[in-house]
Amino acid sequence: MGPRAGLSRQILIAMSAITVTAGLLVFFGTYLAYTAIVALYPMPEQDGGLTSLDFVIVGALILVTLPIAALVSLRLARRILEPLESLALSARRITAGDLTARASAADRALGETAVLIDDFNTMAQRLQDMAADMALWNATIAHELRTPLTILKGRLQGMIDGVFEPDERSLQGLILQVDGLARLVEDLRTVTLADSGHLDLHIEPIRLAWEIEQMAEFMAHDLRAGGFRLELDLADLVVDADAARIRQALLALVTNARRYAVRGTITLRLAEHDGEIRLSVADEGPGLSPEMAARVFDPFVRGDAVRSRELGGNGLGLSVVRAIVEAHGGRLRYRRAPEGGALFEMVFAKTKRSSVAHDA
């Protein structure tokens with residue numbers, strides 16, 4: 001109530017001062033103009049001085065206009081203060097933790113005030129969405145961590161109680177669980193750093209086709225064991241990028257195809273098109289449903305949760321790929337492959353140093 005009364009009083013005083021000043025200016029301005037006219041065109045028996053009647057007229061006009069000014073100022077103060085009070089109350093509620101608070105602007109005629117209210121409500125909605133996303137993110141992380149930690153605790157307790165023998169096979173199983181935790185932590189770190197703009201990249205010119213060929217040699221054996229074959233279609237391009245991060249993203253896409261695609265050919269293609277450099281990974285099916293395609297890059301989204309867990313997936317692979325690609329200033333997109341499967345494409349802007357490589 002204090003701020004409202006204070007602002008209302010200030011508006012009332014200002015309007016009153018303006019009214020009195022305007023009245024005096026009009027009166028004396030008219031008098032000066034009249035005096036000048038009389039000086040130029042003298043009139044007989046004309047007294048140029050102010051009379052008491054003149055002052056009475058000025059006083060009467062001020063007494064009449066002051067209440068009008070006061071009424072107008074109070075109505076204006078009410079129109080201005082009501083949305084501002086709503087804004088202040090909502091801000092205090094949000095500060096106290098109520099992110100559902102919203103300000104209201106009943107009078108849309110005050111354009112700037114209405115825009116301010118709209119911007120505040122948009123900001124409040126974004127804060128609420130971010131808080132909800134953070135709560136879901138924390139709950140999902142806790143869920144992902146619970147399973148390997150439960151397994152580790154149960155196995156170790158079983159070894160202590162003599163239920164399980166601490167043989168090589170049991171220890172290898174525990175190491176696999178630790179490796180899964182380490183991958184989850186590293187993937188979370190990558191996504192978080194990328195979202196905050198702090199993902200460390202070592203950008204330098206690299207022959208991307210050569211990097212992919214080196215990766216293909218290491219992946220080929222495991223892929224053949226799983227019934228897959230790698231096919232390369234690579235243009236020899238020099239690209240400004242972080243080679244380690246690009247290999248990490250490419251490995252995640254190939255691993256994703258191995259988890260969810262039918263056995264067959266996985267095609268890696270590198271080409272330049274319309275001033276862009278495109279690196280894609282395509283499989284032979286079955287692809288993604290429209291519902292899955294709409295949220296496939298969201299964290300902890302899995303197409304086949306059972307098979308993904310069997311192969312060590314944590315639902316962060318495509319989120320990590322997107323984070324890496326966007327940190328390079330590019331974009332990651334999904335579409336159906338010509339063979340009917342899934343095609344994930346990393347698209348990078350062509351830089352001045354991006355070109356077809358030539359051996360010396």
# chains A, B, ... in the order shown; residues from 1 in each chain; ligands from 1
>>> residues_around(residues="Asp298 in chain A", least_positions_apart="3", cutoff="8 Å", atoms="only C-alpha atoms", output="list in words")
Arg295, Val301, Leu316, Leu318 and Ser319 of chain A
>>> residues_around(residues="range 257-261 of chain A", least_positions_apart="2", cutoff="7 Å", atoms="only C-alpha atoms", output="ChimeraX atom specification")
/A:253-255,263,283-286,307-308
>>> write_last_selection(atoms="C-alpha atoms", output="compact mmCIF listing (two decimals), in the first residue's frame")
# COMPACT_ATOMS: atom_id res chain seq x y z
CA LEU A 253 25.47 -43.13 -34.41
CA VAL A 254 26.94 -46.43 -35.62
CA THR A 255 26.35 -48.00 -32.19
CA ARG A 263 21.12 -56.85 -39.69
CA ASP A 283 20.83 -48.38 -41.96
CA GLU A 284 18.35 -50.70 -43.69
CA GLY A 285 15.45 -50.45 -41.28
CA PRO A 286 13.06 -50.41 -39.66
CA ARG A 307 17.77 -54.35 -26.17
CA SER A 308 19.44 -51.05 -25.42
>>> closest_atom_pairs(of="range 265-293 of chain A", to="range 216-229 of chain A", cutoff="12 Å", atoms="only C-alpha atoms", output="Markdown table")
| residue | atom | partner | partner_atom | distance |
| --- | --- | --- | --- | --- |
| A:Thr265 | CA | A:Arg229 | CA | 4.8 |
| A:Ile266 | CA | A:Arg229 | CA | 6.1 |
| A:Thr267 | CA | A:Arg229 | CA | 8.4 |
| A:Leu268 | CA | A:Ala216 | CA | 9.2 |
| A:Ala282 | CA | A:Arg229 | CA | 11.7 |
| A:Asp283 | CA | A:Phe228 | CA | 9.5 |
| A:Glu284 | CA | A:Phe228 | CA | 10.3 |
>>> residues_around(residues="Leu181 in chain A", least_positions_apart="6", cutoff="9 Å", atoms="only C-alpha atoms", output="short mmCIF file (atom, residue, chain, number, x, y, z; two decimals) with C-alpha atoms, in the first residue's frame")
data_model
loop_
_atom_site.label_atom_id
_atom_site.label_comp_id
_atom_site.auth_asym_id
_atom_site.auth_seq_id
_atom_site.Cartn_x
_atom_site.Cartn_y
_atom_site.Cartn_z
CA GLU A 144 19.61 -44.62 -14.57
CA LEU A 145 22.15 -44.73 -11.75
CA PRO A 148 24.03 -50.45 -11.93
CA LEU A 149 24.58 -49.31 -8.36
#
>>> atom_distance(atom1="CA of Val296 in chain A", atom2="CA of Ala327 in chain A")
18.6 Å
>>> atom_distance(atom1="CA of Asp240 in chain A", atom2="CA of Leu184 in chain A")
28.1 Å
>>> atom_distance(atom1="CA of Ala241 in chain A", atom2="CA of Ala342 in chain A")
24.9 Å
>>> residues_around(residues="His202 in chain A", least_positions_apart="2", cutoff="8 Å", atoms="only C-alpha atoms", output="compact mmCIF listing (two decimals) with N, CA and C atoms, in the first residue's frame")
# COMPACT_ATOMS: atom_id res chain seq x y z
N ASP A 200 34.57 -28.20 -24.41
CA ASP A 200 35.91 -27.89 -24.89
C ASP A 200 36.13 -28.56 -26.24
N GLU A 204 40.66 -27.83 -35.57
CA GLU A 204 41.79 -27.76 -36.48
C GLU A 204 41.38 -28.41 -37.81
N ALA A 241 37.35 -28.98 -37.53
CA ALA A 241 36.55 -29.67 -36.52
C ALA A 241 37.47 -30.26 -35.46
N ASP A 242 36.85 -30.74 -34.40
CA ASP A 242 37.55 -31.48 -33.35
C ASP A 242 37.46 -32.96 -33.73
N ALA A 243 38.58 -33.53 -34.13
CA ALA A 243 38.57 -34.90 -34.65
C ALA A 243 38.05 -35.89 -33.61
>>> residues_around(residues="Asp118 in chain A", least_positions_apart="6", cutoff="12 Å", atoms="only C-alpha atoms", output="number ranges by chain")
A: 83, 87, 102-106, 108, 111-112, 124-125
>>> select_by_dssp(residues="range 152-355 of chain A", states="alpha helix (DSSP H)", output="short mmCIF file (atom, residue, chain, number, x, y, z; two decimals) with N, CA and C atoms, in the first residue's frame")
data_model
loop_
_atom_site.label_atom_id
_atom_site.label_comp_id
_atom_site.auth_asym_id
_atom_site.auth_seq_id
_atom_site.Cartn_x
_atom_site.Cartn_y
_atom_site.Cartn_z
N LEU A 152 25.91 -53.58 -8.43
CA LEU A 152 27.23 -53.57 -7.81
C LEU A 152 27.13 -53.88 -6.31
N LYS A 153 26.20 -53.22 -5.64
CA LYS A 153 26.06 -53.44 -4.19
C LYS A 153 25.67 -54.89 -3.90
N GLY A 154 24.72 -55.43 -4.67
CA GLY A 154 24.28 -56.80 -4.43
C GLY A 154 25.39 -57.82 -4.65
N ARG A 155 26.15 -57.63 -5.75
CA ARG A 155 27.24 -58.56 -6.03
C ARG A 155 28.34 -58.48 -4.97
N LEU A 156 28.71 -57.26 -4.63
CA LEU A 156 29.77 -57.11 -3.63
C LEU A 156 29.33 -57.66 -2.27
N GLN A 157 28.07 -57.39 -1.89
CA GLN A 157 27.57 -57.93 -0.62
C GLN A 157 27.52 -59.45 -0.66
N GLY A 158 27.15 -59.98 -1.85
CA GLY A 158 27.12 -61.43 -1.99
C GLY A 158 28.50 -62.05 -1.86
N MET A 159 29.52 -61.35 -2.39
CA MET A 159 30.89 -61.86 -2.24
C MET A 159 31.33 -61.81 -0.79
N ILE A 160 30.96 -60.73 -0.08
CA ILE A 160 31.32 -60.63 1.33
C ILE A 160 30.65 -61.73 2.14
N ASP A 161 29.38 -62.04 1.81
CA ASP A 161 28.64 -63.07 2.55
C ASP A 161 28.98 -64.47 2.09
N GLU A 168 37.05 -64.59 -11.76
CA GLU A 168 37.32 -63.64 -12.85
C GLU A 168 36.03 -63.22 -13.55
N ARG A 169 35.12 -64.15 -13.76
CA ARG A 169 33.88 -63.83 -14.46
C ARG A 169 33.04 -62.83 -13.66
N SER A 170 32.96 -63.02 -12.34
CA SER A 170 32.18 -62.10 -11.51
C SER A 170 32.81 -60.72 -11.50
N LEU A 171 34.12 -60.68 -11.40
CA LEU A 171 34.81 -59.39 -11.38
C LEU A 171 34.67 -58.67 -12.72
N GLN A 172 34.71 -59.42 -13.82
CA GLN A 172 34.51 -58.81 -15.12
C GLN A 172 33.11 -58.19 -15.23
N GLY A 173 32.12 -58.89 -14.66
CA GLY A 173 30.76 -58.35 -14.67
C GLY A 173 30.68 -57.04 -13.88
N LEU A 174 31.38 -56.99 -12.75
CA LEU A 174 31.40 -55.76 -11.97
C LEU A 174 32.09 -54.63 -12.73
N ILE A 175 33.16 -54.96 -13.44
CA ILE A 175 33.86 -53.95 -14.23
C ILE A 175 32.96 -53.40 -15.34
N LEU A 176 32.15 -54.27 -15.93
CA LEU A 176 31.21 -53.81 -16.96
C LEU A 176 30.21 -52.81 -16.38
N GLN A 177 29.74 -53.08 -15.18
CA GLN A 177 28.81 -52.15 -14.54
C GLN A 177 29.49 -50.81 -14.25
N VAL A 178 30.74 -50.86 -13.82
CA VAL A 178 31.50 -49.63 -13.57
C VAL A 178 31.72 -48.87 -14.87
N ASP A 179 32.03 -49.61 -15.94
CA ASP A 179 32.20 -48.96 -17.24
C ASP A 179 30.91 -48.28 -17.68
N GLY A 180 29.78 -48.94 -17.42
CA GLY A 180 28.50 -48.32 -17.77
C GLY A 180 28.27 -47.03 -17.00
N LEU A 181 28.59 -47.04 -15.72
CA LEU A 181 28.47 -45.82 -14.92
C LEU A 181 29.39 -44.73 -15.45
N ALA A 182 30.62 -45.11 -15.81
CA ALA A 182 31.58 -44.13 -16.32
C ALA A 182 31.07 -43.51 -17.63
N ARG A 183 30.50 -44.34 -18.51
CA ARG A 183 29.95 -43.81 -19.77
C ARG A 183 28.79 -42.87 -19.50
N LEU A 184 27.93 -43.25 -18.56
CA LEU A 184 26.79 -42.39 -18.23
C LEU A 184 27.26 -41.04 -17.71
N VAL A 185 28.23 -41.06 -16.81
CA VAL A 185 28.75 -39.80 -16.25
C VAL A 185 29.38 -38.95 -17.34
N GLU A 186 30.16 -39.56 -18.23
CA GLU A 186 30.82 -38.80 -19.29
C GLU A 186 29.79 -38.24 -20.28
N ASP A 187 28.77 -39.02 -20.60
CA ASP A 187 27.73 -38.52 -21.50
C ASP A 187 26.97 -37.36 -20.87
N LEU A 188 26.65 -37.49 -19.59
CA LEU A 188 25.99 -36.39 -18.89
C LEU A 188 26.87 -35.15 -18.88
N ARG A 189 28.14 -35.34 -18.67
CA ARG A 189 29.08 -34.21 -18.66
C ARG A 189 29.11 -33.54 -20.03
N THR A 190 29.15 -34.32 -21.09
CA THR A 190 29.21 -33.75 -22.44
C THR A 190 27.96 -32.94 -22.75
N VAL A 191 26.79 -33.51 -22.45
CA VAL A 191 25.54 -32.82 -22.74
C VAL A 191 25.43 -31.54 -21.91
N THR A 192 25.80 -31.63 -20.64
CA THR A 192 25.70 -30.46 -19.76
C THR A 192 26.64 -29.35 -20.19
N LEU A 193 27.88 -29.70 -20.53
CA LEU A 193 28.84 -28.69 -20.99
C LEU A 193 28.39 -28.05 -22.29
N ALA A 194 27.84 -28.86 -23.19
CA ALA A 194 27.38 -28.30 -24.46
C ALA A 194 26.20 -27.37 -24.26
N ASP A 195 25.25 -27.74 -23.39
CA ASP A 195 24.10 -26.88 -23.13
C ASP A 195 24.51 -25.55 -22.51
N LEU A 208 38.57 -35.44 -42.95
CA LEU A 208 37.50 -36.17 -42.28
C LEU A 208 37.34 -37.58 -42.84
N ALA A 209 37.53 -37.76 -44.15
CA ALA A 209 37.40 -39.10 -44.73
C ALA A 209 38.44 -40.05 -44.14
N TRP A 210 39.66 -39.55 -43.93
CA TRP A 210 40.70 -40.40 -43.37
C TRP A 210 40.35 -40.80 -41.94
N GLU A 211 39.83 -39.85 -41.15
CA GLU A 211 39.42 -40.16 -39.78
C GLU A 211 38.34 -41.24 -39.76
N ILE A 212 37.39 -41.13 -40.68
CA ILE A 212 36.29 -42.11 -40.73
C ILE A 212 36.81 -43.48 -41.14
N GLU A 213 37.72 -43.49 -42.08
CA GLU A 213 38.28 -44.78 -42.53
C GLU A 213 39.02 -45.48 -41.39
N GLN A 214 39.75 -44.70 -40.59
CA GLN A 214 40.45 -45.28 -39.45
C GLN A 214 39.46 -45.87 -38.45
N MET A 215 38.37 -45.15 -38.21
CA MET A 215 37.34 -45.67 -37.29
C MET A 215 36.71 -46.94 -37.83
N ALA A 216 36.45 -46.95 -39.14
CA ALA A 216 35.78 -48.10 -39.75
C ALA A 216 36.60 -49.37 -39.57
N GLU A 217 37.92 -49.25 -39.62
CA GLU A 217 38.77 -50.43 -39.45
C GLU A 217 38.59 -51.03 -38.05
N PHE A 218 38.47 -50.17 -37.04
CA PHE A 218 38.32 -50.66 -35.67
C PHE A 218 36.92 -51.22 -35.42
N MET A 219 35.91 -50.66 -36.09
CA MET A 219 34.54 -51.09 -35.84
C MET A 219 34.14 -52.30 -36.67
N ALA A 220 34.85 -52.55 -37.75
CA ALA A 220 34.41 -53.55 -38.71
C ALA A 220 34.27 -54.94 -38.09
N HIS A 221 35.21 -55.35 -37.25
CA HIS A 221 35.17 -56.71 -36.69
C HIS A 221 33.94 -56.91 -35.82
N ASP A 222 33.70 -55.97 -34.89
CA ASP A 222 32.54 -56.11 -34.00
C ASP A 222 31.23 -56.05 -34.78
N LEU A 223 31.18 -55.21 -35.81
CA LEU A 223 29.97 -55.12 -36.62
C LEU A 223 29.72 -56.42 -37.38
N ARG A 224 30.77 -57.00 -37.94
CA ARG A 224 30.60 -58.28 -38.65
C ARG A 224 30.11 -59.36 -37.70
N ALA A 225 30.63 -59.34 -36.46
CA ALA A 225 30.18 -60.33 -35.48
C ALA A 225 28.70 -60.16 -35.17
N ALA A 243 38.58 -33.53 -34.13
CA ALA A 243 38.57 -34.90 -34.65
C ALA A 243 38.05 -35.89 -33.61
N ALA A 244 38.48 -35.75 -32.34
CA ALA A 244 38.07 -36.69 -31.30
C ALA A 244 36.56 -36.62 -31.08
N ARG A 245 36.00 -35.42 -31.07
CA ARG A 245 34.57 -35.26 -30.84
C ARG A 245 33.76 -35.80 -32.03
N ILE A 246 34.25 -35.58 -33.24
CA ILE A 246 33.55 -36.10 -34.42
C ILE A 246 33.57 -37.63 -34.41
N ARG A 247 34.70 -38.21 -34.03
CA ARG A 247 34.76 -39.68 -33.92
C ARG A 247 33.79 -40.17 -32.85
N GLN A 248 33.70 -39.46 -31.74
CA GLN A 248 32.77 -39.83 -30.67
C GLN A 248 31.33 -39.80 -31.17
N ALA A 249 30.96 -38.76 -31.89
CA ALA A 249 29.60 -38.65 -32.42
C ALA A 249 29.32 -39.74 -33.45
N LEU A 250 30.28 -39.99 -34.33
CA LEU A 250 30.09 -41.00 -35.36
C LEU A 250 29.96 -42.39 -34.74
N LEU A 251 30.78 -42.67 -33.74
CA LEU A 251 30.69 -43.97 -33.06
C LEU A 251 29.33 -44.15 -32.40
N ALA A 252 28.81 -43.08 -31.81
CA ALA A 252 27.50 -43.17 -31.17
C ALA A 252 26.40 -43.47 -32.20
N LEU A 253 26.48 -42.88 -33.38
CA LEU A 253 25.47 -43.13 -34.41
C LEU A 253 25.56 -44.56 -34.93
N VAL A 254 26.78 -45.05 -35.14
CA VAL A 254 26.94 -46.43 -35.62
C VAL A 254 26.47 -47.41 -34.54
N THR A 255 26.81 -47.14 -33.29
CA THR A 255 26.35 -48.00 -32.19
C THR A 255 24.84 -47.99 -32.09
N ASN A 256 24.23 -46.84 -32.31
CA ASN A 256 22.77 -46.74 -32.29
C ASN A 256 22.15 -47.58 -33.39
N ALA A 257 22.76 -47.56 -34.59
CA ALA A 257 22.26 -48.40 -35.69
C ALA A 257 22.41 -49.88 -35.36
N ARG A 258 23.51 -50.23 -34.72
CA ARG A 258 23.72 -51.63 -34.35
C ARG A 258 22.68 -52.11 -33.34
N ARG A 259 22.24 -51.23 -32.44
CA ARG A 259 21.28 -51.63 -31.42
C ARG A 259 19.89 -51.85 -32.00
N TYR A 260 19.49 -50.97 -32.90
CA TYR A 260 18.08 -50.93 -33.27
C TYR A 260 17.78 -51.37 -34.71
N PRO A 290 6.82 -42.00 -36.29
CA PRO A 290 6.71 -40.53 -36.21
C PRO A 290 6.78 -40.02 -34.78
N GLU A 291 6.20 -40.76 -33.83
CA GLU A 291 6.25 -40.32 -32.44
C GLU A 291 7.68 -40.34 -31.91
N MET A 292 8.43 -41.39 -32.22
CA MET A 292 9.80 -41.49 -31.76
C MET A 292 10.69 -40.48 -32.47
N ALA A 293 10.44 -40.24 -33.75
CA ALA A 293 11.27 -39.29 -34.49
C ALA A 293 11.16 -37.88 -33.92
N ALA A 294 9.99 -37.55 -33.35
CA ALA A 294 9.78 -36.19 -32.83
C ALA A 294 10.59 -35.93 -31.57
N ALA A 305 14.01 -50.36 -25.08
CA ALA A 305 14.73 -50.23 -23.82
C ALA A 305 15.44 -51.52 -23.44
N VAL A 306 14.78 -52.66 -23.67
CA VAL A 306 15.37 -53.94 -23.26
C VAL A 306 16.65 -54.21 -24.02
N ARG A 307 16.58 -54.06 -25.37
CA ARG A 307 17.77 -54.35 -26.17
C ARG A 307 18.86 -53.32 -25.91
N SER A 308 18.46 -52.09 -25.69
CA SER A 308 19.44 -51.05 -25.42
C SER A 308 20.20 -51.33 -24.14
N ARG A 309 19.49 -51.75 -23.09
CA ARG A 309 20.17 -52.06 -21.83
C ARG A 309 21.09 -53.26 -22.00
N GLU A 310 20.67 -54.24 -22.79
CA GLU A 310 21.51 -55.43 -23.00
C GLU A 310 22.84 -55.05 -23.65
N GLY A 317 22.89 -41.34 -26.09
CA GLY A 317 23.77 -41.34 -27.26
C GLY A 317 23.46 -40.24 -28.26
N LEU A 318 22.20 -40.15 -28.69
CA LEU A 318 21.84 -39.16 -29.69
C LEU A 318 21.87 -37.74 -29.12
N SER A 319 21.60 -37.60 -27.82
CA SER A 319 21.73 -36.29 -27.19
C SER A 319 23.17 -35.82 -27.21
N VAL A 320 24.10 -36.75 -26.99
CA VAL A 320 25.52 -36.41 -27.04
C VAL A 320 25.91 -36.01 -28.46
N VAL A 321 25.43 -36.75 -29.44
CA VAL A 321 25.74 -36.42 -30.84
C VAL A 321 25.23 -35.03 -31.18
N ARG A 322 24.00 -34.74 -30.80
CA ARG A 322 23.45 -33.41 -31.09
C ARG A 322 24.27 -32.33 -30.40
N ALA A 323 24.67 -32.57 -29.15
CA ALA A 323 25.46 -31.58 -28.41
C ALA A 323 26.79 -31.32 -29.12
N ILE A 324 27.44 -32.37 -29.59
CA ILE A 324 28.73 -32.21 -30.27
C ILE A 324 28.56 -31.46 -31.58
N VAL A 325 27.55 -31.83 -32.35
CA VAL A 325 27.33 -31.19 -33.65
C VAL A 325 26.99 -29.71 -33.47
N GLU A 326 26.11 -29.41 -32.52
CA GLU A 326 25.73 -28.01 -32.30
C GLU A 326 26.89 -27.20 -31.74
N ALA A 327 27.78 -27.83 -30.96
CA ALA A 327 28.96 -27.12 -30.48
C ALA A 327 29.89 -26.74 -31.63
#
>>> decode(residues="range 72-92 of chain A", atoms="N, CA and C atoms", output="PDB file, in the first residue's frame")
ATOM      1  N   VAL A  72      -8.305  13.311 -12.751  1.00  0.00           N
ATOM      2  CA  VAL A  72      -7.629  12.668 -13.895  1.00  0.00           C
ATOM      3  C   VAL A  72      -6.357  11.961 -13.433  1.00  0.00           C
ATOM      4  N   SER A  73      -5.596  12.602 -12.545  1.00  0.00           N
ATOM      5  CA  SER A  73      -4.342  12.001 -12.082  1.00  0.00           C
ATOM      6  C   SER A  73      -4.594  10.732 -11.274  1.00  0.00           C
ATOM      7  N   LEU A  74      -5.648  10.734 -10.453  1.00  0.00           N
ATOM      8  CA  LEU A  74      -5.957   9.535  -9.669  1.00  0.00           C
ATOM      9  C   LEU A  74      -6.388   8.378 -10.564  1.00  0.00           C
ATOM     10  N   ARG A  75      -7.193   8.684 -11.576  1.00  0.00           N
ATOM     11  CA  ARG A  75      -7.618   7.619 -12.506  1.00  0.00           C
ATOM     12  C   ARG A  75      -6.418   7.100 -13.296  1.00  0.00           C
ATOM     13  N   LEU A  76      -5.544   8.016 -13.703  1.00  0.00           N
ATOM     14  CA  LEU A  76      -4.347   7.587 -14.427  1.00  0.00           C
ATOM     15  C   LEU A  76      -3.445   6.753 -13.527  1.00  0.00           C
ATOM     16  N   ALA A  77      -3.298   7.191 -12.265  1.00  0.00           N
ATOM     17  CA  ALA A  77      -2.468   6.423 -11.334  1.00  0.00           C
ATOM     18  C   ALA A  77      -3.023   5.020 -11.124  1.00  0.00           C
ATOM     19  N   ARG A  78      -4.371   4.915 -11.025  1.00  0.00           N
ATOM     20  CA  ARG A  78      -4.983   3.609 -10.831  1.00  0.00           C
ATOM     21  C   ARG A  78      -4.726   2.702 -12.036  1.00  0.00           C
ATOM     22  N   ARG A  79      -4.841   3.260 -13.241  1.00  0.00           N
ATOM     23  CA  ARG A  79      -4.608   2.451 -14.453  1.00  0.00           C
ATOM     24  C   ARG A  79      -3.167   1.991 -14.548  1.00  0.00           C
ATOM     25  N   ILE A  80      -2.251   2.873 -14.117  1.00  0.00           N
ATOM     26  CA  ILE A  80      -0.839   2.505 -14.193  1.00  0.00           C
ATOM     27  C   ILE A  80      -0.455   1.533 -13.096  1.00  0.00           C
ATOM     28  N   LEU A  81      -0.986   1.744 -11.892  1.00  0.00           N
ATOM     29  CA  LEU A  81      -0.537   0.980 -10.728  1.00  0.00           C
ATOM     30  C   LEU A  81      -1.124  -0.419 -10.660  1.00  0.00           C
ATOM     31  N   GLU A  82      -2.326  -0.628 -11.152  1.00  0.00           N
ATOM     32  CA  GLU A  82      -2.939  -1.962 -11.037  1.00  0.00           C
ATOM     33  C   GLU A  82      -2.102  -3.035 -11.727  1.00  0.00           C
ATOM     34  N   PRO A  83      -1.697  -2.864 -12.997  1.00  0.00           N
ATOM     35  CA  PRO A  83      -0.829  -3.900 -13.589  1.00  0.00           C
ATOM     36  C   PRO A  83       0.542  -3.974 -12.941  1.00  0.00           C
ATOM     37  N   LEU A  84       1.079  -2.830 -12.483  1.00  0.00           N
ATOM     38  CA  LEU A  84       2.381  -2.862 -11.822  1.00  0.00           C
ATOM     39  C   LEU A  84       2.313  -3.578 -10.481  1.00  0.00           C
ATOM     40  N   GLU A  85       1.194  -3.389  -9.754  1.00  0.00           N
ATOM     41  CA  GLU A  85       1.017  -4.119  -8.493  1.00  0.00           C
ATOM     42  C   GLU A  85       0.901  -5.615  -8.750  1.00  0.00           C
ATOM     43  N   SER A  86       0.176  -5.970  -9.810  1.00  0.00           N
ATOM     44  CA  SER A  86       0.069  -7.384 -10.162  1.00  0.00           C
ATOM     45  C   SER A  86       1.439  -7.950 -10.523  1.00  0.00           C
ATOM     46  N   LEU A  87       2.228  -7.154 -11.233  1.00  0.00           N
ATOM     47  CA  LEU A  87       3.577  -7.581 -11.602  1.00  0.00           C
ATOM     48  C   LEU A  87       4.448  -7.765 -10.361  1.00  0.00           C
ATOM     49  N   ALA A  88       4.387  -6.807  -9.435  1.00  0.00           N
ATOM     50  CA  ALA A  88       5.202  -6.896  -8.218  1.00  0.00           C
ATOM     51  C   ALA A  88       4.788  -8.086  -7.362  1.00  0.00           C
ATOM     52  N   LEU A  89       3.466  -8.307  -7.229  1.00  0.00           N
ATOM     53  CA  LEU A  89       2.985  -9.435  -6.434  1.00  0.00           C
ATOM     54  C   LEU A  89       3.430 -10.762  -7.041  1.00  0.00           C
ATOM     55  N   SER A  90       3.332 -10.869  -8.352  1.00  0.00           N
ATOM     56  CA  SER A  90       3.758 -12.107  -9.020  1.00  0.00           C
ATOM     57  C   SER A  90       5.254 -12.322  -8.867  1.00  0.00           C
ATOM     58  N   ALA A  91       6.030 -11.238  -8.950  1.00  0.00           N
ATOM     59  CA  ALA A  91       7.483 -11.360  -8.784  1.00  0.00           C
ATOM     60  C   ALA A  91       7.821 -11.855  -7.382  1.00  0.00           C
ATOM     61  N   ARG A  92       7.096 -11.338  -6.365  1.00  0.00           N
ATOM     62  CA  ARG A  92       7.345 -11.793  -4.995  1.00  0.00           C
ATOM     63  C   ARG A  92       6.967 -13.270  -4.831  1.00  0.00           C
TER      64      ARG A  92
END
